[in-house]
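First up is the structure itself, then whatever we jot down about it.
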Amino acid sequence: MLSAGRDAGLGLRVHANQLGEGPGVQLAVEMGAASADHCTYLSDADVEALAGGDTVATFLPATDFSTRQPYPDARR
């Protein structure tokens with residue numbers, strides 16, 4: 001779906017890693033997404049991928065508050 005959107009000229013944003021670690025951040029960076037949104041759970045590899053790419057991590061603390069998830073370490 002992301003490939004089809006990108007091929008059609010759409011910009012990409014990925015809802016990633018809100019409820020646990022997963023492939024969302026890595027996929028967002030590989031696909032050249034503008035952002036990986038939520039990013040509550042980031043592995044060291046996710047942080048490295050974001051640092052080496054053009055994709056930015058978006059944190060939404062009100063969502064974490066309402067779902068009682070831990071707040072991400074945004075400084076990391």
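Within each chain, counting starts at residue 1; across the structure tokens, chains are named A, B, ... in the order shown, with ligands numbered 1 upward in that order.
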
I want to know what sits within 6 Å of A:Gln18, based on only C-alpha atoms, with residues of the same chain fewer than 3 positions away left out; could you give that as a PyMOL selection string? chain A and resi 38-40

Spatial neighbours of A:Thr67, max dist 10 Å, only C-alpha atoms, sep filter under 5 positions, as a CSV table (one decimal) with N, CA, C and O atoms, in the first residue's frame:
```
chain,number,residue,atom,x,y,z
A,18,GLN,N,3.4,2.4,18.3
A,18,GLN,CA,2.6,3.0,19.4
A,18,GLN,C,2.4,2.1,20.5
A,18,GLN,O,2.5,2.5,21.7
A,19,LEU,N,2.1,0.8,20.3
A,19,LEU,CA,1.8,-0.1,21.3
A,19,LEU,C,2.9,-1.1,21.7
A,19,LEU,O,2.8,-1.9,22.6
A,61,PRO,N,2.1,12.8,23.1
A,61,PRO,CA,2.0,12.4,24.5
A,61,PRO,C,0.6,12.4,25.0
A,61,PRO,O,0.3,11.6,25.9
A,62,ALA,N,-0.4,13.1,24.4
A,62,ALA,CA,-1.8,13.0,24.8
A,62,ALA,C,-2.3,11.6,24.6
A,62,ALA,O,-3.1,11.1,25.3
```

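Taking only C-alpha atoms, the non-local environment of A:Val29 within 9 Å (same-chain residues fewer than 6 positions away omitted) comprises A:Ser35, A:Ala36, A:Ala49, A:Leu50, A:Gly52, A:Gly53, A:Asp54, A:Thr55, A:Val56.
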